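Have a look at the structure below, then the notes.
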Amino acid sequence: MQSLMTFRSHMSQALELARAAADAGEVPVGAVIVDPSGNIIAAERNRQRELRDPTAHAEMLAIRAAARRLQSERLVGCDLYVTLEPCPMCAAAISAARIARLYYGAPDPKSGGVSHGPRIFSHAQSHHVPEVYDGIAAEDSAALLRAFFAERRK
């Protein structure tokens, strides 16, 4: 079982990445992947505008980086920490990558794919279902998103 201190440090890193995304004009989402030993093997932020790539969500970029680092398409035993509930595309990638545990912050009733919307992991076609822990640093994550979109509406 993971210690509470390790858990907090990984979400803190994801929040730092989300802040960096906001500073770069991207939707503030950060993601960190940790190997079974507790080492961070990938840390990414949203970069759709920067890369001009609609799939450049923090989770997708982190999964790609972790797979390259491990030289495997399977991230068995790895944990993903992300500041926002993954969308359906990212949830499907999490399943395909065989992520062991998903920890996420703010819920996403509009575009989420885990607890909202299509609930990707509940379908028979989902080949792997990670353990899911929601609401981790949810208020901090939601505050970043609210501030980001409030600034855009000015």
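Residue names in the structure tokens use chain letters A, B, ... in the order shown, residue numbers from 1 in each chain, and ligand numbers from 1 in the order shown.
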### Query
Counting only C-alpha atoms, what is within 12 Å of A:Ala56, bar same-chain residues fewer than 6 positions away, as JSON, numbers by chain?
{"A": [21, 26, 27, 29, 30, 31, 44, 45, 46, 47, 48, 49, 50, 62, 63, 64, 65, 89, 90]}
### Message
Quick one: residues within 12 Å of stretch 114-116 of chain A, only C-alpha atoms, excluding same-chain residues fewer than 6 positions away - as an MDAnalysis selection string?
### Response
chainID A and resid 84:95 102:108 122:123 126 129:135
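For the residues A:Leu75, A:Ile33, A:Thr83, A:Asp53, ranking by smallest atom-to-atom distance to A:Ala138 using only C-alpha atoms places A:Thr83 first.
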### Query
Quick one: distance from atom CA of A:Ser12 to atom CA of A:Tyr81 in Å, one decimal?
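If I compute the distance from atom CA of A:Ser12 to atom CA of A:Tyr81, I get 9.4 Å.
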### Query
If you run DSSP on this backbone, which residues of stretch 65-154 of chain A come out as alpha helix (DSSP H), and could you give them as an NGL selection string?
:A and (65-70 or 88-97 or 138-153)
Kindly export the residues of the current selection with N, CA, C and O atoms, as a compact mmCIF listing (two decimals), in the first residue's frame.
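What landed in again-v1.txt:
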```txt
# COMPACT_ATOMS: atom_id res chain seq x y z
N ALA A 65 4.96 9.14 -22.83
CA ALA A 65 6.30 9.29 -22.26
C ALA A 65 6.66 8.10 -21.37
O ALA A 65 7.79 7.59 -21.42
N ALA A 66 5.72 7.64 -20.56
CA ALA A 66 5.98 6.49 -19.69
C ALA A 66 6.22 5.22 -20.50
O ALA A 66 7.12 4.44 -20.17
N ALA A 67 5.45 5.03 -21.55
CA ALA A 67 5.63 3.85 -22.41
C ALA A 67 7.00 3.86 -23.07
O ALA A 67 7.68 2.83 -23.14
N ARG A 68 7.43 5.05 -23.53
CA ARG A 68 8.78 5.16 -24.11
C ARG A 68 9.84 4.85 -23.05
O ARG A 68 10.79 4.12 -23.32
N ARG A 69 9.65 5.40 -21.87
CA ARG A 69 10.65 5.19 -20.81
C ARG A 69 10.76 3.72 -20.42
O ARG A 69 11.85 3.21 -20.20
N LEU A 70 9.61 3.06 -20.30
CA LEU A 70 9.60 1.64 -19.92
C LEU A 70 9.80 0.72 -21.12
O LEU A 70 9.92 -0.49 -20.95
N PRO A 88 -13.26 10.75 -22.21
CA PRO A 88 -13.39 9.40 -22.74
C PRO A 88 -12.15 8.91 -23.50
O PRO A 88 -11.75 7.75 -23.36
N MET A 89 -11.52 9.79 -24.29
CA MET A 89 -10.32 9.39 -25.03
C MET A 89 -9.22 8.97 -24.06
O MET A 89 -8.58 7.93 -24.25
N CYS A 90 -9.00 9.78 -23.05
CA CYS A 90 -7.93 9.48 -22.09
C CYS A 90 -8.27 8.25 -21.25
O CYS A 90 -7.39 7.44 -20.94
N ALA A 91 -9.54 8.10 -20.88
CA ALA A 91 -9.94 6.91 -20.11
C ALA A 91 -9.69 5.64 -20.92
O ALA A 91 -9.20 4.64 -20.38
N ALA A 92 -9.99 5.68 -22.21
CA ALA A 92 -9.73 4.51 -23.06
C ALA A 92 -8.22 4.22 -23.13
O ALA A 92 -7.80 3.06 -23.08
N ALA A 93 -7.41 5.27 -23.22
CA ALA A 93 -5.95 5.08 -23.25
C ALA A 93 -5.44 4.52 -21.93
O ALA A 93 -4.55 3.68 -21.91
N ILE A 94 -6.01 4.98 -20.82
CA ILE A 94 -5.64 4.46 -19.50
C ILE A 94 -5.92 2.97 -19.43
O ILE A 94 -5.10 2.19 -18.94
N SER A 95 -7.06 2.56 -19.93
CA SER A 95 -7.42 1.14 -19.97
C SER A 95 -6.46 0.36 -20.86
O SER A 95 -5.94 -0.69 -20.47
N ALA A 96 -6.20 0.87 -22.06
CA ALA A 96 -5.31 0.19 -23.00
C ALA A 96 -3.89 0.05 -22.44
O ALA A 96 -3.22 -0.95 -22.67
N ALA A 97 -3.45 1.06 -21.67
CA ALA A 97 -2.10 1.04 -21.10
C ALA A 97 -2.01 0.15 -19.86
O ALA A 97 -0.92 -0.09 -19.36
N ALA A 138 -9.34 17.98 -5.05
CA ALA A 138 -10.38 18.42 -5.99
C ALA A 138 -10.59 19.93 -5.96
O ALA A 138 -10.74 20.55 -7.01
N GLU A 139 -10.61 20.52 -4.77
CA GLU A 139 -10.86 21.96 -4.69
C GLU A 139 -9.72 22.76 -5.33
O GLU A 139 -9.97 23.72 -6.05
N ASP A 140 -8.47 22.35 -5.08
CA ASP A 140 -7.34 23.04 -5.71
C ASP A 140 -7.41 22.92 -7.23
O ASP A 140 -7.18 23.90 -7.95
N SER A 141 -7.73 21.73 -7.71
CA SER A 141 -7.84 21.51 -9.15
C SER A 141 -8.98 22.32 -9.75
O SER A 141 -8.81 22.97 -10.79
N ALA A 142 -10.13 22.31 -9.10
CA ALA A 142 -11.29 23.04 -9.60
C ALA A 142 -11.04 24.54 -9.58
O ALA A 142 -11.45 25.27 -10.50
N ALA A 143 -10.35 25.02 -8.54
CA ALA A 143 -10.06 26.46 -8.45
C ALA A 143 -9.18 26.92 -9.62
O ALA A 143 -9.40 28.00 -10.17
N LEU A 144 -8.21 26.10 -9.99
CA LEU A 144 -7.37 26.44 -11.15
C LEU A 144 -8.21 26.55 -12.42
O LEU A 144 -8.04 27.48 -13.21
N LEU A 145 -9.10 25.61 -12.60
CA LEU A 145 -9.95 25.62 -13.79
C LEU A 145 -10.89 26.82 -13.79
O LEU A 145 -11.04 27.51 -14.81
N ARG A 146 -11.52 27.10 -12.64
CA ARG A 146 -12.43 28.25 -12.55
C ARG A 146 -11.70 29.55 -12.86
O ARG A 146 -12.19 30.38 -13.64
N ALA A 147 -10.53 29.73 -12.28
CA ALA A 147 -9.76 30.95 -12.51
C ALA A 147 -9.35 31.08 -13.97
O ALA A 147 -9.43 32.17 -14.56
N PHE A 148 -8.94 29.98 -14.56
CA PHE A 148 -8.51 29.99 -15.96
C PHE A 148 -9.66 30.44 -16.87
O PHE A 148 -9.51 31.32 -17.71
N PHE A 149 -10.83 29.82 -16.70
CA PHE A 149 -11.95 30.14 -17.58
C PHE A 149 -12.56 31.50 -17.27
O PHE A 149 -13.03 32.19 -18.17
N ALA A 150 -12.51 31.94 -16.01
CA ALA A 150 -12.99 33.28 -15.66
C ALA A 150 -12.14 34.33 -16.36
O ALA A 150 -12.65 35.33 -16.88
N GLU A 151 -10.84 34.11 -16.39
CA GLU A 151 -9.92 35.04 -17.07
C GLU A 151 -10.21 35.09 -18.57
O GLU A 151 -10.16 36.14 -19.19
N ARG A 152 -10.57 33.95 -19.16
CA ARG A 152 -10.86 33.90 -20.61
C ARG A 152 -12.15 34.63 -20.94
O ARG A 152 -12.33 35.12 -22.04
N ARG A 153 -13.08 34.69 -19.98
CA ARG A 153 -14.37 35.33 -20.22
C ARG A 153 -14.31 36.85 -20.12
O ARG A 153 -15.25 37.52 -20.49
```
